[in-house]
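Below is run_11.txt, holding compact mmCIF, C-alpha atoms.
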# COMPACT_ATOMS: atom_id res chain seq x y z
CA MET A 1 81.15 -5.86 31.96
CA THR A 2 78.72 -7.03 34.65
CA PRO A 3 75.53 -8.18 32.89
CA GLY A 4 73.27 -6.91 35.68
CA ASN A 5 71.19 -8.40 38.47
CA THR A 6 67.98 -10.39 38.76
CA ILE A 7 64.89 -8.74 40.24
CA TYR A 8 62.21 -11.08 41.58
CA LEU A 9 58.69 -9.62 41.87
CA PRO A 10 56.69 -11.89 44.21
CA GLN A 11 53.27 -10.34 43.45
CA ILE A 12 53.39 -11.61 39.88
CA GLY A 13 55.84 -14.46 40.40
CA ARG A 14 58.23 -13.17 37.77
CA SER A 15 61.97 -12.52 37.53
CA ILE A 16 63.45 -9.81 35.30
CA MET A 17 66.94 -8.51 34.64
CA ALA A 18 68.22 -5.05 35.54
CA ALA A 19 71.12 -3.75 33.48
CA GLN A 20 74.02 -2.21 35.33
CA GLY A 21 72.95 1.16 36.75
CA GLU A 22 69.26 0.58 35.93
CA THR A 23 66.62 1.14 38.62
CA VAL A 24 64.04 -1.43 39.59
CA LEU A 25 61.28 0.68 38.03
CA GLN A 26 63.16 1.17 34.76
CA ALA A 27 63.76 -2.57 34.48
CA ALA A 28 60.12 -3.38 35.25
CA LEU A 29 58.71 -0.91 32.75
CA ALA A 30 61.16 -2.10 30.07
CA ALA A 31 59.86 -5.64 30.68
CA GLY A 32 56.27 -4.49 30.12
CA ILE A 33 55.29 -4.68 33.80
CA THR A 34 52.90 -2.00 35.05
CA TYR A 35 54.78 -1.39 38.29
CA PRO A 36 52.92 1.22 40.38
CA HIS A 37 54.67 4.57 40.10
CA GLY A 38 54.13 8.27 39.66
CA CYS A 39 56.78 10.92 39.10
CA ARG A 40 59.77 8.57 38.43
CA MET A 41 61.98 11.13 40.20
CA GLY A 42 61.80 10.16 43.88
CA ARG A 43 59.38 12.94 44.71
CA CYS A 44 55.94 11.36 45.13
CA GLY A 45 56.44 7.98 46.83
CA ALA A 46 53.90 6.19 44.63
CA CYS A 47 56.44 3.42 43.84
CA LYS A 48 57.23 2.77 47.51
CA SER A 49 58.18 -0.88 47.87
CA HIS A 50 59.35 -3.47 50.36
CA LEU A 51 62.88 -4.71 49.78
CA VAL A 52 62.59 -8.33 50.85
CA SER A 53 66.19 -9.33 50.15
CA GLY A 54 69.30 -8.10 48.37
CA GLU A 55 71.22 -4.86 48.29
CA ILE A 56 70.44 -1.62 46.46
CA ASP A 57 71.90 1.82 45.91
CA LEU A 58 69.16 4.30 46.81
CA LEU A 59 69.47 7.42 44.68
CA LYS A 60 68.52 10.95 45.75
CA HIS A 61 64.89 11.48 46.73
CA THR A 62 62.73 13.87 48.74
CA PRO A 63 62.24 13.20 52.49
CA PHE A 64 58.45 13.04 52.30
CA SER A 65 58.55 10.38 49.57
CA LEU A 66 60.56 8.05 51.84
CA THR A 67 61.37 8.83 55.47
CA GLU A 68 64.33 7.57 57.48
CA GLU A 69 61.92 5.52 59.59
CA GLU A 70 60.53 3.83 56.46
CA LYS A 71 64.04 3.03 55.26
CA ALA A 72 64.76 1.39 58.62
CA GLU A 73 61.66 -0.74 58.13
CA GLY A 74 62.99 -2.04 54.79
CA LEU A 75 61.06 0.23 52.47
CA THR A 76 62.53 1.80 49.35
CA LEU A 77 61.53 3.59 46.15
CA ALA A 78 61.55 1.51 42.98
CA CYS A 79 62.34 4.57 40.85
CA ARG A 80 65.45 5.28 42.93
CA ALA A 81 66.58 1.73 43.76
CA VAL A 82 69.53 0.45 41.71
CA PRO A 83 70.21 -3.24 42.47
CA LEU A 84 73.74 -4.04 43.64
CA SER A 85 72.91 -7.76 43.85
CA ASP A 86 69.99 -10.01 43.01
CA VAL A 87 66.95 -8.60 44.83
CA THR A 88 63.41 -9.53 45.78
CA ILE A 89 61.13 -6.52 45.96
CA GLY A 90 57.37 -5.96 46.05
CA TRP A 91 55.16 -2.90 45.80
CA LEU A 92 52.98 -2.06 48.80
CA ASN A 93 49.51 -1.94 47.32
CA GLY A 94 47.13 -4.74 46.39
CA GLU A 95 45.80 -6.36 43.25
CA ASP A 96 44.13 -3.15 42.08
CA GLU A 97 47.60 -1.73 41.39
CA PHE A 98 48.38 -4.28 38.68
CA ALA A 99 46.73 -3.99 35.26
CA ASP A 100 47.18 -7.70 34.40
CA ILE A 101 46.58 -7.07 30.69
CA PRO A 102 48.94 -8.73 28.21
CA THR A 103 50.76 -6.48 25.78
CA GLY A 104 50.58 -7.19 22.09
CA ARG A 105 51.05 -5.80 18.60
CA PHE A 106 47.96 -4.55 16.79
CA GLU A 107 47.67 -3.39 13.19
CA GLY A 108 45.24 -0.77 11.94
CA VAL A 109 44.69 2.35 9.85
CA VAL A 110 43.97 5.99 10.57
CA ALA A 111 40.22 6.55 10.41
CA GLU A 112 40.21 10.27 11.23
CA ALA A 113 42.77 13.03 11.73
CA VAL A 114 41.33 16.36 12.88
CA ASP A 115 42.85 19.50 14.40
CA ALA A 116 42.03 20.09 18.07
CA THR A 117 44.22 23.19 18.45
CA HIS A 118 46.99 24.89 16.51
CA ASP A 119 49.42 22.20 17.68
CA ILE A 120 47.30 19.22 18.81
CA LYS A 121 45.71 16.76 16.43
CA LEU A 122 43.14 14.11 17.33
CA ILE A 123 44.02 10.84 15.63
CA ARG A 124 41.45 8.02 15.63
CA ILE A 125 42.60 4.57 14.58
CA ARG A 126 40.54 1.63 13.37
CA LEU A 127 42.20 -1.66 14.32
CA ASP A 128 42.02 -4.74 12.13
CA ASP A 129 40.84 -6.75 15.16
CA ARG A 130 39.43 -4.38 17.76
CA ALA A 131 38.09 -7.22 19.91
CA GLN A 132 41.63 -8.41 20.68
CA PHE A 133 42.81 -5.04 21.98
CA THR A 134 42.06 -4.44 25.65
CA PHE A 135 43.32 -1.74 28.01
CA LYS A 136 42.51 0.08 31.22
CA PRO A 137 41.42 3.74 31.12
CA GLY A 138 44.52 5.91 31.50
CA GLN A 139 47.02 3.54 29.86
CA TYR A 140 49.18 4.27 26.81
CA VAL A 141 50.60 2.45 23.80
CA ARG A 142 53.66 2.69 21.62
CA LEU A 143 52.62 4.10 18.27
CA LEU A 144 54.52 2.96 15.18
CA TYR A 145 53.79 5.30 12.29
CA PRO A 146 55.37 4.83 8.84
CA ASP A 147 58.82 6.44 8.50
CA CYS A 148 58.76 7.63 12.13
CA SER A 149 60.47 6.59 15.34
CA PRO A 150 58.16 4.80 17.84
CA ARG A 151 56.55 7.11 20.37
CA ASP A 152 54.34 6.60 23.41
CA TYR A 153 50.85 8.15 23.39
CA SER A 154 48.03 7.87 25.90
CA ILE A 155 44.67 6.45 24.90
CA ALA A 156 41.82 8.98 25.06
CA SER A 157 38.94 6.73 24.05
CA ARG A 158 36.60 4.64 26.19
CA ILE A 159 37.20 0.91 26.39
CA ASP A 160 33.90 0.26 24.57
CA GLU A 161 34.56 2.59 21.62
CA GLU A 162 35.37 1.15 18.21
CA LEU A 163 38.01 3.74 17.30
CA ILE A 164 41.14 4.25 19.41
CA GLU A 165 41.76 7.97 19.96
CA PHE A 166 45.05 9.77 20.62
CA HIS A 167 45.84 13.46 21.16
CA ILE A 168 49.16 14.17 19.47
CA ARG A 169 50.88 17.45 20.16
CA HIS A 170 53.45 18.78 17.69
CA VAL A 171 56.55 19.11 19.84
CA PRO A 172 58.72 21.98 18.48
CA GLY A 173 61.46 20.36 16.40
CA GLY A 174 59.94 16.92 16.95
CA LEU A 175 60.30 14.72 13.88
CA THR A 176 57.71 12.10 14.78
CA SER A 177 55.01 14.39 16.16
CA GLY A 178 55.69 16.92 13.40
CA HIS A 179 55.32 14.31 10.70
CA ILE A 180 52.09 12.92 12.16
CA PHE A 181 50.64 16.38 12.81
CA ALA A 182 51.35 17.61 9.28
CA GLN A 183 50.70 14.49 7.21
CA ALA A 184 48.38 12.06 9.02
CA LYS A 185 45.37 11.16 6.90
CA ALA A 186 42.67 8.55 6.70
CA GLY A 187 43.95 5.23 5.42
CA ASP A 188 47.52 5.53 6.72
CA PRO A 189 48.71 2.21 8.16
CA VAL A 190 49.69 2.25 11.82
CA THR A 191 50.77 -0.23 14.49
CA LEU A 192 50.02 -0.12 18.22
CA VAL A 193 52.17 -1.96 20.76
CA GLY A 194 50.87 -2.23 24.31
CA PRO A 195 49.09 -1.35 26.45
CA PHE A 196 51.49 0.02 29.06
CA GLY A 197 51.28 2.28 32.08
CA SER A 198 50.28 2.24 35.73
CA SER A 199 48.23 5.46 35.80
CA PHE A 200 44.94 3.68 35.12
CA LEU A 201 41.62 4.02 36.92
CA ARG A 202 41.58 2.10 40.22
CA GLU A 203 38.13 0.55 39.99
CA LYS A 204 37.94 -0.53 43.65
CA HIS A 205 38.45 3.03 44.90
CA CYS A 206 35.10 4.64 45.74
CA GLY A 207 36.37 8.01 46.97
CA PRO A 208 36.63 11.37 45.20
CA ILE A 209 38.81 11.76 42.10
CA LEU A 210 41.02 14.56 40.82
CA GLY A 211 42.01 14.62 37.16
CA ILE A 212 44.80 17.10 36.45
CA ALA A 213 45.87 17.58 32.84
CA GLY A 214 48.30 19.81 31.00
CA GLY A 215 48.06 20.20 27.22
CA SER A 216 47.60 16.90 25.39
CA GLY A 217 47.72 15.20 28.80
CA LEU A 218 43.96 15.67 28.65
CA ALA A 219 43.81 12.39 26.69
CA PRO A 220 44.30 9.87 29.55
CA VAL A 221 42.47 12.10 32.04
CA LYS A 222 39.47 12.09 29.68
CA ALA A 223 39.55 8.28 29.56
CA VAL A 224 39.80 7.97 33.35
CA VAL A 225 37.01 10.48 33.98
CA GLU A 226 34.63 8.90 31.48
CA ALA A 227 35.19 5.47 33.03
CA ALA A 228 34.72 6.80 36.56
CA LEU A 229 31.44 8.46 35.60
CA ALA A 230 30.21 5.30 33.89
CA THR A 231 31.11 3.21 36.95
CA GLY A 232 29.18 5.60 39.17
CA GLN A 233 26.09 5.30 36.98
CA MET A 234 26.26 1.50 36.99
CA THR A 235 26.76 1.20 40.75
CA GLY A 236 24.57 4.12 41.82
CA ARG A 237 27.50 5.47 43.86
CA ASP A 238 28.41 8.75 42.22
CA ARG A 239 31.48 10.33 43.84
CA PRO A 240 32.92 13.81 43.24
CA VAL A 241 35.09 14.00 40.12
CA HIS A 242 37.03 17.25 39.58
CA VAL A 243 38.97 17.94 36.38
CA TYR A 244 41.54 20.72 36.10
CA PHE A 245 42.88 21.43 32.62
CA GLY A 246 46.00 23.60 32.40
CA ALA A 247 47.00 25.37 29.19
CA ARG A 248 49.19 28.30 28.28
CA ALA A 249 46.62 30.43 26.46
CA LEU A 250 43.04 30.31 25.22
CA ARG A 251 44.11 28.89 21.86
CA ASP A 252 45.68 25.89 23.64
CA LEU A 253 42.38 24.77 25.19
CA TYR A 254 40.32 22.10 23.48
CA MET A 255 37.36 19.81 24.23
CA VAL A 256 36.03 22.49 26.60
CA GLU A 257 32.51 22.23 25.19
CA TYR A 258 32.65 18.45 25.50
CA PHE A 259 33.52 18.61 29.21
CA GLU A 260 30.96 21.35 29.84
CA ALA A 261 28.33 19.05 28.32
CA LEU A 262 29.52 16.24 30.60
CA THR A 263 29.20 18.49 33.67
CA ALA A 264 25.65 19.40 32.61
CA HIS A 265 24.81 15.69 32.51
CA HIS A 266 26.71 14.61 35.62
CA GLY A 267 26.08 16.65 38.75
CA ASN A 268 29.12 15.14 40.47
CA LEU A 269 31.57 16.40 37.81
CA SER A 270 33.31 19.78 37.70
CA PHE A 271 35.63 21.06 34.99
CA VAL A 272 38.05 23.96 35.52
CA PRO A 273 40.28 25.29 32.70
CA VAL A 274 43.32 27.22 33.93
CA LEU A 275 45.47 29.53 31.78
CA SER A 276 49.08 30.06 32.82
CA ASN A 277 50.29 32.67 30.32
CA GLU A 278 47.24 34.69 29.31
CA PRO A 279 44.96 36.78 31.55
CA HIS A 280 41.25 36.11 31.05
CA ALA A 281 38.36 37.75 32.87
CA GLN A 282 36.10 34.67 32.84
CA MET A 283 38.71 31.97 33.45
CA ARG A 284 41.09 30.84 36.18
CA CYS A 285 44.66 31.99 35.64
CA GLY A 286 48.00 30.77 36.96
CA TYR A 287 49.46 27.29 37.30
CA VAL A 288 47.05 24.38 37.38
CA GLY A 289 48.61 22.89 40.54
CA ASN A 290 48.13 26.18 42.37
CA ALA A 291 44.48 26.26 41.34
CA VAL A 292 43.95 22.81 42.85
CA ALA A 293 45.80 23.80 46.02
CA ASP A 294 43.65 26.93 46.35
CA ASP A 295 40.41 24.92 46.04
CA PHE A 296 41.08 22.07 48.46
CA ASP A 297 42.31 21.93 52.05
CA ASP A 298 42.03 18.19 52.73
CA LEU A 299 42.60 15.56 50.03
CA ASP A 300 42.85 12.56 52.33
CA GLY A 301 40.97 9.65 50.72
CA TRP A 302 41.13 11.13 47.22
CA LYS A 303 42.92 9.73 44.20
CA ALA A 304 44.62 11.91 41.60
CA TYR A 305 45.40 11.07 37.99
CA LEU A 306 47.95 13.46 36.44
CA ALA A 307 49.10 13.76 32.84
CA GLY A 308 51.06 16.44 31.07
CA PRO A 309 54.53 18.01 31.02
CA PRO A 310 56.95 16.49 33.56
CA ALA A 311 57.55 19.94 35.08
CA MET A 312 53.82 20.32 35.77
CA ILE A 313 53.64 16.93 37.45
CA GLU A 314 56.80 17.55 39.47
CA ALA A 315 55.39 20.85 40.75
CA THR A 316 51.89 19.53 41.47
CA VAL A 317 52.66 16.31 43.36
CA PRO A 318 54.11 18.03 46.48
CA GLN A 319 51.06 20.31 46.60
CA LEU A 320 48.72 17.31 46.70
CA VAL A 321 50.79 15.59 49.39
CA ALA A 322 50.84 18.81 51.45
CA ARG A 323 47.04 18.70 51.48
CA GLY A 324 46.84 15.20 52.84
CA MET A 325 46.77 13.03 49.75
CA ARG A 326 48.74 9.82 50.18
CA ALA A 327 51.59 9.40 47.71
CA ALA A 328 50.21 5.98 46.79
CA ASP A 329 46.99 7.69 45.65
CA ILE A 330 48.80 9.87 43.09
CA HIS A 331 49.06 8.27 39.65
CA ALA A 332 51.02 9.57 36.66
CA ASP A 333 52.90 8.10 33.71
CA VAL A 334 55.61 10.62 32.88
CA PHE A 335 57.02 10.56 29.33
CA PHE A 336 60.61 11.82 29.05
CA THR A 337 61.42 10.36 25.60
CA PRO A 338 62.76 13.15 23.34
CA ASP A 339 60.69 13.57 20.18
CA ARG A 340 63.46 13.26 17.61

What do you get writing this file as structure tokens?
Amino acid sequence: MTPGNTIYLPQIGRSIMAAQGETVLQAALAAGITYPHGCRMGRCGACKSHLVSGEIDLLKHTPFSLTEEEKAEGLTLACRAVPLSDVTIGWLNGEDEFADIPTGRFEGVVAEAVDATHDIKLIRIRLDDRAQFTFKPGQYVRLLYPDCSPRDYSIASRIDEELIEFHIRHVPGGLTSGHIFAQAKAGDPVTLVGPFGSSFLREKHCGPILGIAGGSGLAPVKAVVEAALATGQMTGRDRPVHVYFGARALRDLYMVEYFEALTAHHGNLSFVPVLSNEPHAQMRCGYVGNAVADDFDDLDGWKAYLAGPPAMIEATVPQLVARGMRAADIHADVFFTPDR
């Protein structure tokens, strides 16, 4: 069996291996590299890259994520590019697209476990050595809970908070999330591995921000929004920050009062809950992506941070692009790992 091919990433001066049939993005993420990406499905173009040398098999993708003209110029999509030889490939954006934070293994215990909704629990973890754990707002870690398979969860807390917060939804039939949701209690030992992810706040971007969350995807959006607001206060350059929170029904919403309090304190912040499956006289109804599309005509110069079900992200990304947002300004870490 062919062992695979070498991928050289010039921006970080590192070579990694791609197994046979593995895409450039899959190989990079498996190696702990925060390669810029979004949908992972060839629909958004956020992982657009320059193929410097080598041959690839480019898998199916949408025309607006990579045009024929761009292909002729040597561009490709890392999430769709399967190396057929050793390759050299680099993403298109600058230093702000690379987190440059080493991953590690961190031990701790559950400090709090409280219900947020009927199927989402807020878990706060106290690490043995909090000072050694660093991350960028919007990143995630691999959570190792006793007697459970490892699972990836986004960090909801600020970088300066002592406790590390996660929003864990009980996936129907999910063994890991079900166990944590039903049995997590203060004092339980837990291990974090990470951080990972490329959907973190781009600190050099000074333009408007869209945070779009579905369900427990509110966790990383909360972290990004809090950091963006804090940066605005420190620099005196407040920019518009709009948060859209999609849920099925009223009982699936949480932290609404918290975000309403934030909007009362920050005049540049708006918060819009959207219900998809339950009519409500005082609340927006329908799909969260449609609500965003209805509210904005021109998103050129904006950045969007998306988190939630893959179907929500897949449906929303084309709507943002259709309103002028560059694919490179759309950030999302999509989790497809089955919860078994």

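With atom CA of A:Ala30 on one side and atom CA of A:Ala78 on the other, the separation reads 13.4 Å.
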
Pick from A:Tyr258, A:Ala249, A:Gly211, A:Gly194 nearest to A:Gly286, counting all atoms listed in the file
A:Ala249

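Taking all atoms listed in the file into account, A:Cys285 lies nearest to A:Ala247 out of the set A:Ala228, A:Ala247, A:Leu306, A:Ala116.
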
Nearby residues (only C-alpha atoms) at most 10 Å from A:Ile125, same-chain spacing under 6 positions excluded, as a list in words
Glu107, Gly108, Val109, Val110, Ala111, Glu112, Ala113, Glu162, Leu163, Ile164, Glu165, Phe166, Ala186, Gly187, Asp188, Pro189, Val190, Thr191 and Leu192 of chain A

Please produce, as JSON lines, a per-residue contact table for stretch 278-335 of chain A versus stretch 224-227 of chain A (criterion: any atom at most 12 Å away, all atoms listed in the file considered), showing the nearest atom pair and its distance in Å to one decimal, sorted by chain then residue number.
{"residue": "A:Lys303", "atom": "CA", "partner": "A:Val224", "partner_atom": "CA", "distance": 11.4}
{"residue": "A:Ala304", "atom": "CA", "partner": "A:Val224", "partner_atom": "CA", "distance": 10.3}
{"residue": "A:Tyr305", "atom": "CA", "partner": "A:Val224", "partner_atom": "CA", "distance": 7.9}
{"residue": "A:Leu306", "atom": "CA", "partner": "A:Val224", "partner_atom": "CA", "distance": 10.3}
{"residue": "A:Ala307", "atom": "CA", "partner": "A:Val224", "partner_atom": "CA", "distance": 11.0}
{"residue": "A:His331", "atom": "CA", "partner": "A:Val224", "partner_atom": "CA", "distance": 11.2}
{"residue": "A:Ala332", "atom": "CA", "partner": "A:Val224", "partner_atom": "CA", "distance": 11.8}

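Going from atom CA of A:Asp333 to atom CA of A:Tyr140 covers 8.7 Å.
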
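The closest residue to A:Thr88, picked from A:Ala264, A:Val24, A:Ile155, A:Ile209 and counting all atoms listed in the file, is A:Val24.
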
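In this structure, atom CA of A:His266 sits 22.0 Å away from atom CA of A:Ala291.
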